[in-house]
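S.K.: So that you have it, the file is work10.cif, and it contains mmCIF, C-alpha atoms:
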data_start
loop_
_atom_site.label_atom_id
_atom_site.label_comp_id
_atom_site.auth_asym_id
_atom_site.auth_seq_id
_atom_site.Cartn_x
_atom_site.Cartn_y
_atom_site.Cartn_z
CA MET X 380 -184.61 -39.29 102.91
CA LYS X 381 -185.83 -35.93 101.78
CA LEU X 382 -183.75 -34.10 99.17
CA THR X 383 -183.28 -31.13 101.45
CA ARG X 384 -181.75 -33.38 104.11
CA THR X 385 -178.99 -34.88 101.93
CA LYS X 386 -175.39 -33.85 102.39
CA ALA X 387 -175.18 -32.84 98.72
CA PHE X 388 -178.11 -30.44 99.05
CA LYS X 389 -176.65 -28.91 102.15
CA THR X 390 -173.30 -28.51 100.41
CA PHE X 391 -175.05 -26.64 97.63
CA ALA X 392 -177.45 -24.54 99.67
CA ASP X 393 -174.96 -23.42 102.28
CA PRO X 394 -172.79 -21.30 99.99
CA ALA X 395 -175.71 -20.40 97.73
CA TRP X 396 -177.72 -18.83 100.54
CA TYR X 397 -176.89 -19.37 104.23
CA ASP X 398 -173.19 -18.78 103.83
CA ASN X 399 -173.31 -16.62 100.71
CA PRO X 400 -169.74 -15.64 99.75
CA ILE X 401 -170.59 -11.98 99.12
CA ASN X 402 -173.44 -11.12 101.47
CA MET X 403 -172.46 -13.27 104.43
CA GLN X 404 -168.69 -13.70 104.10
CA MET X 405 -167.93 -10.37 102.40
CA LEU X 406 -165.62 -12.01 99.86
CA GLY X 407 -165.20 -11.13 96.20
CA ILE X 408 -166.45 -7.57 96.68
CA CYS X 409 -163.93 -6.06 94.27
CA SER X 410 -165.20 -7.88 91.21
CA ALA X 411 -168.79 -7.40 92.37
CA LEU X 412 -168.27 -3.64 92.17
CA ALA X 413 -166.53 -3.70 88.83
CA VAL X 414 -168.69 -5.86 86.61
CA THR X 415 -172.21 -5.02 87.79
CA VAL X 416 -172.90 -1.91 85.73
CA GLN X 417 -174.63 -4.09 83.13
CA LEU X 418 -176.45 -7.40 83.44
CA LYS X 419 -174.62 -8.76 80.40
CA THR X 420 -171.15 -8.47 81.92
CA ALA X 421 -172.40 -9.68 85.31
CA PHE X 422 -173.93 -12.75 83.66
CA VAL X 423 -170.78 -13.68 81.75
CA MET X 424 -168.69 -13.07 84.87
CA THR X 425 -171.01 -15.38 86.81
CA LEU X 426 -170.60 -18.13 84.23
CA ALA X 427 -166.81 -17.75 84.13
CA MET X 428 -166.56 -17.68 87.91
CA THR X 429 -168.87 -20.68 88.37
CA PHE X 430 -166.86 -22.64 85.81
CA VAL X 431 -163.58 -21.85 87.54
CA VAL X 432 -164.72 -22.43 91.12
CA SER X 433 -166.50 -25.72 90.43
CA MET X 434 -163.87 -27.17 88.10
CA SER X 435 -161.00 -26.17 90.39
CA GLY X 436 -162.86 -27.75 93.30
CA LEU X 437 -163.34 -30.95 91.32
CA ILE X 438 -159.75 -31.18 90.08
CA ILE X 439 -158.17 -30.35 93.42
CA SER X 440 -160.44 -32.77 95.22
CA LEU X 441 -159.49 -35.54 92.76
CA MET X 442 -155.82 -34.87 93.47
CA ARG X 443 -156.23 -34.27 97.20
CA ARG X 444 -154.48 -37.49 98.25
CA ILE X 445 -151.42 -36.97 96.07
CA ILE X 446 -150.84 -33.21 96.44
CA PRO X 447 -147.76 -32.78 98.65
CA GLY X 448 -148.77 -30.73 101.68
CA ASN X 449 -145.86 -28.30 101.50
CA ILE X 450 -146.65 -27.02 98.00
CA ARG X 451 -150.43 -27.35 98.10
CA ILE X 452 -151.20 -23.60 97.80
CA ILE X 453 -149.02 -23.33 94.70
CA VAL X 454 -150.68 -26.38 93.17
CA GLU X 455 -154.13 -24.93 93.91
CA LEU X 456 -153.14 -21.64 92.33
CA ALA X 457 -151.73 -23.37 89.26
CA VAL X 458 -155.01 -25.21 88.74
CA ILE X 459 -157.07 -22.05 89.26
CA ALA X 460 -154.85 -19.90 87.05
CA SER X 461 -154.94 -22.45 84.21
CA LEU X 462 -158.73 -22.59 84.35
CA VAL X 463 -159.03 -18.80 84.38
CA ILE X 464 -156.74 -18.48 81.37
CA LEU X 465 -158.81 -21.14 79.58
CA ALA X 466 -162.01 -19.19 80.32
CA ASP X 467 -160.38 -15.95 79.20
CA GLU X 468 -159.12 -17.42 75.91
CA PHE X 469 -162.53 -18.91 75.26
CA LEU X 470 -164.26 -15.57 75.83
CA LYS X 471 -161.79 -13.81 73.53
CA ALA X 472 -162.54 -16.31 70.80
CA TYR X 473 -166.32 -16.49 71.08
CA PHE X 474 -167.53 -13.41 72.98
CA TYR X 475 -164.98 -10.78 72.00
CA ASP X 476 -167.09 -7.70 72.79
CA ILE X 477 -167.99 -8.92 76.24
CA SER X 478 -164.42 -9.95 76.93
CA LYS X 479 -163.36 -6.40 76.04
CA LEU X 480 -165.96 -4.98 78.44
CA LEU X 481 -164.78 -7.28 81.23
CA SER X 482 -161.16 -6.33 80.43
CA VAL X 483 -158.90 -7.47 83.27
CA PHE X 484 -161.65 -8.75 85.52
CA VAL X 485 -161.76 -12.22 84.00
CA GLY X 486 -158.03 -12.53 84.58
CA LEU X 487 -158.50 -11.27 88.11
CA ILE X 488 -160.75 -14.24 88.93
CA ILE X 489 -157.41 -15.87 89.83
CA THR X 490 -157.12 -13.56 92.82
CA ASN X 491 -160.76 -13.92 93.85
CA CYS X 492 -160.53 -15.08 97.43
CA ILE X 493 -163.69 -17.20 97.13
CA ILE X 494 -161.97 -19.67 94.81
CA LEU X 495 -158.77 -20.22 96.76
CA GLY X 496 -160.85 -20.30 99.93
CA ARG X 497 -163.06 -23.10 98.60
CA ALA X 498 -160.07 -25.03 97.23
CA GLU X 499 -158.16 -24.80 100.49
CA GLY X 500 -161.08 -25.06 102.89
CA PHE X 501 -163.35 -27.55 101.16
CA ALA X 502 -161.94 -29.37 98.10
CA LEU X 503 -158.79 -30.53 99.91
CA SER X 504 -160.77 -32.42 102.53
CA ASN X 505 -163.89 -33.60 100.67
CA PRO X 506 -164.69 -36.11 97.91
CA PRO X 507 -164.90 -34.86 94.29
CA HIS X 508 -168.69 -34.90 93.87
CA LEU X 509 -169.19 -32.75 96.97
CA ALA X 510 -166.38 -30.39 95.90
CA LEU X 511 -168.05 -29.94 92.53
CA ILE X 512 -171.42 -29.25 94.16
CA ASP X 513 -169.81 -26.86 96.60
CA GLY X 514 -168.24 -25.01 93.68
CA LEU X 515 -171.57 -24.79 91.88
CA GLY X 516 -173.21 -23.54 95.06
CA ASN X 517 -170.60 -20.83 95.47
CA GLY X 518 -170.94 -19.86 91.83
CA VAL X 519 -174.69 -19.58 92.22
CA GLY X 520 -174.33 -17.65 95.48
CA TYR X 521 -171.83 -15.26 93.97
CA GLY X 522 -173.75 -14.98 90.72
CA SER X 523 -177.15 -14.35 92.28
CA VAL X 524 -175.77 -11.39 94.21
CA LEU X 525 -173.93 -10.13 91.12
CA LEU X 526 -177.03 -10.39 88.96
CA SER X 527 -179.30 -8.73 91.54
CA VAL X 528 -176.88 -5.83 91.93
CA ALA X 529 -176.48 -5.54 88.16
CA PHE X 530 -180.25 -5.65 87.68
CA ILE X 531 -180.77 -2.72 90.04
CA ARG X 532 -177.81 -0.77 88.66
CA GLU X 533 -178.74 -1.25 85.01
CA LEU X 534 -182.43 -0.57 85.57
CA PHE X 535 -181.93 2.66 87.47
CA GLY X 536 -178.59 3.66 85.94
CA SER X 537 -179.32 3.25 82.25
CA GLY X 538 -183.03 2.41 82.20
CA SER X 539 -182.53 -0.95 80.53
CA ILE X 540 -182.41 -4.68 81.24
CA PHE X 541 -179.86 -6.81 79.35
CA GLY X 542 -179.42 -3.82 77.05
CA PHE X 543 -183.10 -3.44 76.16
CA SER X 544 -184.68 -0.15 77.20
CA VAL X 545 -187.55 -0.72 79.60
CA ILE X 546 -188.25 2.80 80.82
CA PRO X 547 -190.71 4.28 78.32
CA GLU X 548 -189.78 7.44 76.40
CA SER X 549 -192.79 9.19 77.90
CA ALA X 550 -191.28 8.83 81.37
CA TYR X 551 -188.13 10.63 80.21
CA ALA X 552 -190.30 13.26 78.55
CA ALA X 553 -192.12 13.74 81.86
CA GLY X 554 -188.84 14.54 83.58
CA TYR X 555 -187.57 11.12 84.72
CA GLU X 556 -183.80 10.87 84.75
CA ASP X 557 -181.41 7.93 85.05
CA MET X 558 -179.50 7.89 88.31
CA GLY X 559 -175.89 8.75 87.57
CA ILE X 560 -174.59 7.23 90.79
CA MET X 561 -175.77 3.77 89.69
CA MET X 562 -173.07 3.81 87.03
CA LEU X 563 -170.35 4.34 89.63
CA ALA X 564 -168.77 1.83 92.01
CA PRO X 565 -170.21 3.38 95.22
CA ALA X 566 -173.70 2.38 94.10
CA ALA X 567 -172.67 -1.28 94.21
CA PHE X 568 -171.33 -0.76 97.72
CA ILE X 569 -174.64 0.69 98.87
CA ILE X 570 -176.71 -2.05 97.22
CA ILE X 571 -174.50 -4.88 98.52
CA GLY X 572 -174.60 -3.30 101.97
CA LEU X 573 -178.39 -3.21 101.96
CA MET X 574 -178.60 -6.78 100.63
CA ALA X 575 -176.21 -8.05 103.29
CA TRP X 576 -178.30 -6.32 105.95
CA VAL X 577 -181.56 -7.89 104.73
CA GLN X 578 -180.04 -11.33 104.37
CA LYS X 579 -178.38 -11.27 107.78
CA TYR X 580 -181.64 -10.10 109.32
CA LEU X 581 -183.52 -12.97 107.66
CA ALA X 582 -180.87 -15.50 108.73
CA ASN X 583 -180.95 -14.29 112.33
CA SER X 584 -184.74 -14.28 112.61
CA ARG X 585 -184.79 -17.90 111.39
CA LYS X 586 -182.42 -18.96 114.11
CA SER X 587 -184.25 -17.36 117.01
CA MET I 866 -138.25 -41.24 97.74
CA SER I 867 -137.88 -38.22 100.00
CA ASP I 868 -140.68 -35.71 100.47
CA THR I 869 -138.74 -32.95 98.77
CA ALA I 870 -138.12 -35.03 95.67
CA LYS I 871 -141.80 -35.95 95.59
CA SER I 872 -142.83 -32.30 95.79
CA ILE I 873 -140.47 -31.30 93.01
CA LEU I 874 -141.65 -34.13 90.79
CA PHE I 875 -145.28 -33.24 91.42
CA ALA I 876 -144.62 -29.58 90.66
CA LEU I 877 -142.85 -30.52 87.42
CA GLY I 878 -145.74 -32.73 86.42
CA MET I 879 -148.22 -29.94 87.12
CA CYS I 880 -146.18 -27.49 85.04
CA ILE I 881 -146.08 -29.83 82.07
CA VAL I 882 -149.79 -30.65 82.18
CA CYS I 883 -150.92 -27.03 82.65
CA GLY I 884 -148.45 -25.81 80.04
CA LEU I 885 -149.60 -28.30 77.43
CA LEU I 886 -153.25 -27.59 78.10
CA LEU I 887 -152.88 -23.82 77.81
CA THR I 888 -150.70 -24.04 74.72
CA ALA I 889 -153.29 -26.24 73.05
CA ALA I 890 -156.10 -23.84 73.95
CA ALA I 891 -154.16 -20.76 72.86
CA THR I 892 -153.12 -22.16 69.48
CA GLY I 893 -156.50 -23.72 68.86
CA LEU I 894 -158.39 -20.49 69.44
CA GLN I 895 -155.82 -18.13 67.95
CA LYS I 896 -157.37 -17.93 64.49
CA ARG I 897 -160.78 -16.97 65.82
CA GLN I 898 -159.31 -14.41 68.19
CA GLU I 899 -157.28 -12.85 65.40
CA GLN I 900 -160.41 -12.63 63.25
CA ASN I 901 -162.24 -10.97 66.15
CA ARG I 902 -159.48 -8.42 66.51
CA ILE I 903 -159.60 -7.54 62.81
CA THR I 904 -163.39 -7.14 62.91
CA ASP I 905 -163.07 -5.02 66.02
CA ARG I 906 -160.61 -2.68 64.31
CA GLN I 907 -162.90 -2.35 61.29
CA LYS I 908 -165.80 -1.62 63.63
CA ASN I 909 -163.81 1.12 65.30
CA ILE I 910 -163.05 2.72 61.94
CA LEU I 911 -166.78 2.75 61.22
CA TYR I 912 -167.60 4.17 64.66
CA THR I 913 -165.43 7.24 64.06
CA VAL I 914 -167.57 8.32 61.11
CA ASP I 915 -170.87 7.11 62.61
CA LEU I 916 -171.45 4.55 59.87
CA ILE I 917 -172.58 2.06 62.50
CA SER I 918 -174.14 2.68 65.87
CA ARG I 919 -172.53 1.62 69.12
CA ASP I 920 -175.92 0.60 70.46
CA LYS I 921 -176.56 -2.09 67.86
CA GLN I 922 -175.07 -5.49 67.20
CA TYR I 923 -173.58 -6.28 63.81
CA SER I 924 -172.42 -9.56 62.34
CA PRO I 925 -168.84 -9.69 61.04
CA GLU I 926 -170.21 -10.00 57.49
CA GLN I 927 -172.22 -6.80 57.88
CA ILE I 928 -169.14 -4.99 59.14
CA VAL I 929 -167.10 -6.14 56.16
CA GLU I 930 -169.88 -5.14 53.77
CA ILE I 931 -170.36 -1.67 55.25
CA SER I 932 -166.68 -0.95 55.26
CA GLU I 933 -166.17 -2.22 51.71
CA ASN I 934 -168.97 0.00 50.45
CA ASN I 935 -167.91 3.16 52.21
CA ILE I 936 -164.30 3.08 53.28
CA ARG I 937 -161.28 3.13 50.96
CA LYS I 938 -157.76 2.61 52.11
CA TYR I 939 -154.87 4.59 50.64
CA GLN I 940 -151.18 4.92 51.27
CA VAL I 941 -149.71 8.41 51.32
CA THR I 942 -146.11 9.56 51.38
CA PRO I 943 -144.94 11.70 54.30
CA SER I 944 -145.27 14.72 52.00
CA GLY I 945 -148.95 13.99 51.48
CA LYS I 946 -149.05 12.40 48.02
CA ILE I 947 -151.18 9.36 47.39
CA VAL I 948 -149.22 6.42 46.06
CA SER I 949 -150.17 2.98 44.87
CA PRO I 950 -148.51 0.06 46.63
CA GLU I 951 -146.16 -0.50 43.63
CA GLU I 952 -145.06 3.12 43.55
CA ALA I 953 -144.39 3.14 47.23
CA GLY I 954 -141.92 0.29 46.89
CA GLY I 955 -139.96 -0.01 50.08
CA LYS I 956 -140.47 3.64 51.01
CA GLN I 957 -142.29 4.51 54.16
CA THR I 958 -145.92 5.40 53.67
CA LEU I 959 -148.76 6.36 56.00
CA PRO I 960 -152.07 4.52 55.80
CA ILE I 961 -155.25 6.59 55.59
CA TYR I 962 -158.86 5.48 55.35
CA VAL I 963 -161.25 7.64 53.38
CA TYR I 964 -164.99 7.66 53.89
CA VAL I 965 -166.57 8.17 50.49
CA ASP I 966 -170.30 8.68 50.21
CA LYS I 967 -171.81 9.06 46.72
CA ASP I 968 -168.38 9.87 45.24
CA GLN I 969 -167.89 12.62 47.80
CA ILE I 970 -165.22 12.49 50.43
CA ARG I 971 -166.92 12.91 53.77
CA ALA I 972 -164.04 12.28 56.11
CA TYR I 973 -160.64 10.67 56.38
CA ILE I 974 -159.56 8.42 59.18
CA ILE I 975 -156.05 8.10 60.52
CA PRO I 976 -154.76 5.40 62.85
CA ILE I 977 -153.60 6.71 66.22
CA GLU I 978 -150.74 5.05 68.03
CA SER I 979 -149.78 6.61 71.32
CA GLN I 980 -147.76 5.99 74.41
CA GLY I 981 -149.93 5.34 77.45
CA LEU I 982 -149.16 5.09 81.13
CA TRP I 983 -148.77 1.28 81.12
CA GLY I 984 -148.58 0.40 77.45
CA LYS I 985 -149.44 1.55 73.98
CA ILE I 986 -152.82 3.01 73.10
CA TYR I 987 -154.22 2.22 69.67
CA GLY I 988 -157.19 3.94 68.08
CA TYR I 989 -158.55 5.87 65.14
CA MET I 990 -159.36 9.51 64.58
CA ALA I 991 -161.65 10.73 61.84
CA LEU I 992 -161.28 14.24 60.44
CA GLU I 993 -163.90 15.87 58.30
CA ALA I 994 -163.10 16.73 54.70
CA ASP I 995 -162.26 20.30 55.74
CA GLY I 996 -159.08 18.89 57.27
CA SER I 997 -159.54 20.62 60.59
CA THR I 998 -162.62 19.32 62.40
CA ILE I 999 -162.57 16.04 64.32
CA ALA I 1000 -165.47 13.81 63.32
CA GLY I 1001 -164.82 11.00 65.74
CA PHE I 1002 -162.27 9.22 67.88
CA THR I 1003 -162.03 5.66 69.16
CA VAL I 1004 -159.63 3.53 71.14
CA TYR I 1005 -159.60 -0.18 70.43
CA GLN I 1006 -156.65 -1.38 72.41
CA HIS I 1007 -154.92 -0.14 75.54
CA SER I 1008 -153.61 -1.32 78.87
CA GLU I 1009 -154.55 1.60 81.11
CA THR I 1010 -155.97 1.06 84.61
CA PRO I 1011 -159.65 0.06 84.45
CA GLY I 1012 -161.81 2.77 85.99
CA LEU I 1013 -159.09 5.42 85.70
CA GLY I 1014 -157.08 5.69 82.48
CA GLY I 1015 -159.18 2.83 81.15
CA GLU I 1016 -162.03 5.30 80.74
CA ILE I 1017 -160.45 6.30 77.41
CA ASP I 1018 -162.32 3.42 75.81
CA LYS I 1019 -165.64 4.76 77.12
CA ARG I 1020 -168.11 6.53 74.95
CA TRP I 1021 -168.34 9.78 76.95
CA PHE I 1022 -164.62 10.36 76.60
CA GLN I 1023 -164.51 9.56 72.91
CA GLU I 1024 -167.59 11.59 72.01
CA ASN I 1025 -165.86 14.48 73.71
CA PHE I 1026 -163.62 14.82 70.64
CA GLU I 1027 -166.39 15.31 68.12
CA GLY I 1028 -166.48 18.79 66.60
CA LYS I 1029 -163.16 19.90 68.11
CA LYS I 1030 -160.67 21.70 65.86
CA ILE I 1031 -157.04 20.82 65.25
CA VAL I 1032 -156.26 24.30 63.84
CA ASP I 1033 -156.74 27.74 65.38
CA GLN I 1034 -158.66 30.63 63.78
CA ASN I 1035 -155.62 31.63 61.73
CA GLY I 1036 -155.34 28.16 60.26
CA ASN I 1037 -152.25 27.16 62.23
CA PHE I 1038 -151.91 23.58 63.37
CA VAL I 1039 -152.41 23.23 67.15
CA ALA I 1040 -153.48 19.55 67.52
CA ILE I 1041 -155.82 18.57 70.35
CA GLN I 1042 -155.11 18.27 74.05
CA VAL I 1043 -156.73 16.38 76.88
CA ALA I 1044 -157.48 18.94 79.60
CA LYS I 1045 -156.93 18.34 83.31
CA GLY I 1046 -160.56 18.05 84.32
CA ASP I 1047 -163.47 19.85 82.69
CA VAL I 1048 -162.82 22.00 79.65
CA GLU I 1049 -165.52 24.43 80.77
CA LYS I 1050 -163.71 25.22 84.01
CA GLN I 1051 -160.05 24.74 83.15
CA VAL I 1052 -159.48 26.15 79.69
CA PRO I 1053 -159.67 29.80 78.55
CA GLU I 1054 -162.49 30.61 76.18
CA GLU I 1055 -160.44 30.99 72.98
CA LYS I 1056 -158.77 27.59 73.41
CA LYS I 1057 -161.85 25.55 74.27
CA SER I 1058 -162.19 24.07 70.81
CA HIS I 1059 -158.72 22.49 71.06
CA TYR I 1060 -159.28 20.74 74.39
CA VAL I 1061 -161.36 17.74 75.48
CA ASP I 1062 -162.51 16.87 79.01
CA GLY I 1063 -159.92 14.89 80.93
CA ILE I 1064 -160.45 11.88 83.17
CA SER I 1065 -160.13 12.47 86.89
CA GLY I 1066 -157.44 10.27 88.39
CA ALA I 1067 -155.81 9.73 85.01
CA THR I 1068 -153.75 12.87 84.41
CA LEU I 1069 -150.79 10.92 83.05
CA THR I 1070 -152.86 8.89 80.61
CA GLY I 1071 -154.29 12.18 79.33
CA LYS I 1072 -150.84 13.70 79.00
CA TYR I 1073 -149.43 10.74 77.07
CA LEU I 1074 -152.49 10.54 74.86
CA SER I 1075 -152.26 14.28 74.07
CA GLN I 1076 -148.61 13.85 73.09
CA GLY I 1077 -149.36 10.76 71.02
CA ILE I 1078 -152.22 12.39 69.15
CA GLU I 1079 -150.18 15.51 68.51
CA LYS I 1080 -147.31 13.41 67.15
CA THR I 1081 -149.59 11.43 64.85
CA LEU I 1082 -151.49 14.50 63.68
CA SER I 1083 -148.30 16.35 62.86
CA ARG I 1084 -147.07 13.41 60.78
CA TYR I 1085 -150.34 13.56 58.90
CA GLU I 1086 -150.30 17.36 58.72
CA PRO I 1087 -149.34 17.43 54.98
CA VAL I 1088 -152.41 15.30 54.24
CA SER I 1089 -154.65 17.48 56.39
CA LEU I 1090 -153.19 20.55 54.69
CA CYS I 1091 -154.21 19.12 51.32
CA PHE I 1092 -157.74 18.71 52.53
CA ARG I 1093 -157.75 22.19 54.03
CA LYS I 1094 -156.50 23.87 50.87
CA ASN I 1095 -158.42 21.49 48.68
CA ARG I 1096 -155.51 21.14 46.31
CA LEU I 1097 -155.98 19.13 43.14
CA ARG I 1098 -153.64 16.29 44.00
CA CYS I 1099 -155.73 15.55 47.03
CA ARG I 1100 -158.72 14.70 44.94
CA LEU I 1101 -158.66 11.09 45.92
CA GLN I 1102 -161.27 10.07 43.39
CA GLU I 1103 -158.74 10.51 40.62
CA THR I 1104 -156.55 7.74 41.96
CA GLU I 1105 -157.58 4.15 42.23
CA PRO I 1106 -157.86 2.84 45.76
CA ALA I 1107 -155.08 0.60 46.92
CA GLN I 1108 -156.07 -3.00 46.52
CA ASP I 1109 -154.41 -4.41 49.59
CA GLU I 1110 -156.22 -5.49 52.74
CA LYS I 1111 -158.89 -3.11 53.86
#
Could you quickly redo this structure as structure tokens?

M.R.:
Amino acid sequence: MKLTRTKAFKTFADPAWYDNPINMQMLGICSALAVTVQLKTAFVMTLAMTFVVSMSGLIISLMRRIIPGNIRIIVELAVIASLVILADEFLKAYFYDISKLLSVFVGLIITNCIILGRAEGFALSNPPHLALIDGLGNGVGYGSVLLSVAFIRELFGSGSIFGFSVIPESAYAAGYEDMGIMMLAPAAFIIIGLMAWVQKYLANSRKS
Amino acid sequence: MSDTAKSILFALGMCIVCGLLLTAAATGLQKRQEQNRITDRQKNILYTVDLISRDKQYSPEQIVEISENNIRKYQVTPSGKIVSPEEAGGKQTLPIYVYVDKDQIRAYIIPIESQGLWGKIYGYMALEADGSTIAGFTVYQHSETPGLGGEIDKRWFQENFEGKKIVDQNGNFVAIQVAKGDVEKQVPEEKKSHYVDGISGATLTGKYLSQGIEKTLSRYEPVSLCFRKNRLRCRLQETEPAQDEK
């Protein structure tokens, strides 16, 4: 059997591309606007989010037979919230500057609809290894959009990539200016909108 | 066992497991986090007098070294006299940080503690040795709304303060205010040097911060007055720096 035909691959690729949480499902937009001014913050956010969504998927899937149905949402939230606090504490201890830049947005991963959606819609009804892969796929799907948006915003907004200046001084001397709008939230809206358009166009042309 | 009892038991179990896990993580990482906070505060002191650049990365050791070489910490009485820790006894004193370069006082830095919209705002303000010009301002801890009041921890807002005056032409203390909007458009010409650009959508944060800064500056006014008049007892070189934590 080819790798691309396995259930595991499909579980990974679906959220990573075909059913991308941001571009296709329009989830998690809030954090995608807030943390994409710089690649550095977008990258750390991606790691934190991937950690939380895959681990919560795994843990909830492991417990799926013993979670009482009437309190399942609370249990899911408790698992997610604990993981987010763990990630936040870890960032504060080892990446203090970045955790200051991200301010409340790490904590707000708890309310990111992608995570609860995956826990409720996938982890509760699938075996642990698939739930973990699904989480990773969603993390990658979310992260790839975040990083692409951050790349464009940082390049055009501050003329740098991961904090290193890439636009030569001579360009500035010749009259080039950084685009102020890239530093503001509306820029992320515009970029995500364009990306969603392109991706939906590609997805549709494949089908027909 | 009934379903309800099962649910309650499960919930209890979850609470205990999550609680234990988080407590372990919080206590285990606490020391490192505390160290980070101390380094961050030191960094902010250095930012106010441009001893380190915000664009570069520094190791904690470098930060400690730079601040030990350039910054001295003193305690002053509310009347503006420098006292050693023993002299101060139980009396209330105000901390001040002095930036000394080649035995010359360049600036003095005072800690700012202000009310904010949602919580306290903590920062530092550096004043030049003339006792009236602001050399720098930073905020290192606050709980304002990100994107609105939270902009106070951004560079554009903080650099706004540099070069502003806390006294008017006649030498009277007027503190510094956050304007509603742009200083250029909102403030009459003669008052421009006492106002900084405000943050749109964060009028209240600006108002509280103005009040907080004014309160702190007026507490430190005797010290600033010393610097302004250049009185002898303000010559900090004559006293030994306090030996407590920097």

S.K.: Here's the selection I'm unsure about, the PyMOL selection byres ((chain X) within 6 of (chain I)); applied to the file above, which residues does it give, as an mmCIF file with C-alpha atoms, keeping the file's coordinate frame?

M.R.:
data_model
loop_
_atom_site.group_PDB
_atom_site.id
_atom_site.type_symbol
_atom_site.label_atom_id
_atom_site.label_comp_id
_atom_site.auth_asym_id
_atom_site.auth_seq_id
_atom_site.Cartn_x
_atom_site.Cartn_y
_atom_site.Cartn_z
ATOM 1 C CA PRO X 447 -147.760 -32.780 98.650
ATOM 2 C CA LYS X 471 -161.790 -13.810 73.530
ATOM 3 C CA ALA X 472 -162.540 -16.310 70.800
#

S.K.: Find the spatial neighbours of Leu495 of chain X, counting all atoms listed in the file, within a cut-off of 10 Å - ignore same-chain residues fewer than 4 positions away - and output them as a PyMOL selection string.

M.R.: chain X and resi 432+435-436+452+455-456+459+489-491+499-502

S.K.: What is the atom CA of Glu556 of chain X to atom CA of Tyr1060 of chain I distance in Å?

M.R.: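 Between atom CA of Glu556 of chain X and atom CA of Tyr1060 of chain I the gap is 28.4 Å.
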
S.K.: Residues within 12 Å of (-168.8, -38.0, 90.1), file coordinates, counting only C-alpha atoms: what are they? Give the list as a VMD selection string.

M.R.: chain X and resid 387 437 to 438 440 to 441 506 to 512

S.K.: What residues come out when you apply the PyMOL selection byres ((chain X and resi 568-582) around 8) to this file, written as a list in words?

M.R.: Tyr397, Asn402, Met403, Leu412, Val524, Val528, Ala564, Pro565, Ala566, Ala567, Asn583, Ser584, Arg585 and Lys586 of chain X

S.K.: Just give me the gap between atom CA of Val414 of chain X and atom CA of Glu1016 of chain I in Å, one decimal is fine.

M.R.: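 Between these atoms lies a distance of 14.3 Å.
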
S.K.: How many Å separate atom CA of Val1052 of chain I from atom CA of Ala1000 of chain I?

M.R.: 21.4 Å

S.K.: As AutoDock Vina command-line options, what would the box around segment 931-936 of chain I look like: edges along x, y and z, 3 Å added on every side, centre and edge lengths in Å to one decimal?

M.R.:
--center_x -167.3 --center_y 0.5 --center_z 52.9 --size_x 12.1 --size_y 11.4 --size_z 10.8

S.K.: Can you list what the PyMOL selection byres ((chain X and resi 487) around 12) grabs from this structure, as number ranges by chain?

M.R.: X: 407, 409-411, 413-414, 424, 427-428, 431, 459-460, 462-464, 466-467, 481-486, 488-494; I: 1011

S.K.: Can you tell me which residues surround Asn517 of chain X at a distance of at most 10 Å, considering only C-alpha atoms, apart from same-chain residues fewer than 3 positions away, and format the answer as a PDB file with C-alpha atoms, in the frame of the given file?

M.R.:
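Contents of the output file out05.pdb:
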ATOM      1  CA  THR X 390    -173.300 -28.510 100.410  1.00  0.00           C
ATOM      2  CA  PHE X 391    -175.050 -26.640  97.630  1.00  0.00           C
ATOM      3  CA  ALA X 392    -177.450 -24.540  99.670  1.00  0.00           C
ATOM      4  CA  ASP X 393    -174.960 -23.420 102.280  1.00  0.00           C
ATOM      5  CA  PRO X 394    -172.790 -21.300  99.990  1.00  0.00           C
ATOM      6  CA  ALA X 395    -175.710 -20.400  97.730  1.00  0.00           C
ATOM      7  CA  TRP X 396    -177.720 -18.830 100.540  1.00  0.00           C
ATOM      8  CA  ASP X 398    -173.190 -18.780 103.830  1.00  0.00           C
ATOM      9  CA  ASN X 399    -173.310 -16.620 100.710  1.00  0.00           C
ATOM     10  CA  PRO X 400    -169.740 -15.640  99.750  1.00  0.00           C
ATOM     11  CA  ILE X 401    -170.590 -11.980  99.120  1.00  0.00           C
ATOM     12  CA  MET X 428    -166.560 -17.680  87.910  1.00  0.00           C
ATOM     13  CA  THR X 429    -168.870 -20.680  88.370  1.00  0.00           C
ATOM     14  CA  VAL X 432    -164.720 -22.430  91.120  1.00  0.00           C
ATOM     15  CA  SER X 433    -166.500 -25.720  90.430  1.00  0.00           C
ATOM     16  CA  ILE X 493    -163.690 -17.200  97.130  1.00  0.00           C
ATOM     17  CA  ILE X 494    -161.970 -19.670  94.810  1.00  0.00           C
ATOM     18  CA  ARG X 497    -163.060 -23.100  98.600  1.00  0.00           C
ATOM     19  CA  LEU X 511    -168.050 -29.940  92.530  1.00  0.00           C
ATOM     20  CA  ILE X 512    -171.420 -29.250  94.160  1.00  0.00           C
ATOM     21  CA  ASP X 513    -169.810 -26.860  96.600  1.00  0.00           C
ATOM     22  CA  GLY X 514    -168.240 -25.010  93.680  1.00  0.00           C
ATOM     23  CA  GLY X 520    -174.330 -17.650  95.480  1.00  0.00           C
ATOM     24  CA  TYR X 521    -171.830 -15.260  93.970  1.00  0.00           C
ATOM     25  CA  GLY X 522    -173.750 -14.980  90.720  1.00  0.00           C
ATOM     26  CA  SER X 523    -177.150 -14.350  92.280  1.00  0.00           C
TER      27      SER X 523
END

S.K.: Give me the residues within 10 Å of Phe530 of chain X as a PyMOL selection string, counting all atoms listed in the file and dropping any in the same chain fewer than 2 places off.

M.R.: chain X and resi 415-419+421+524-528+532-536+539-541
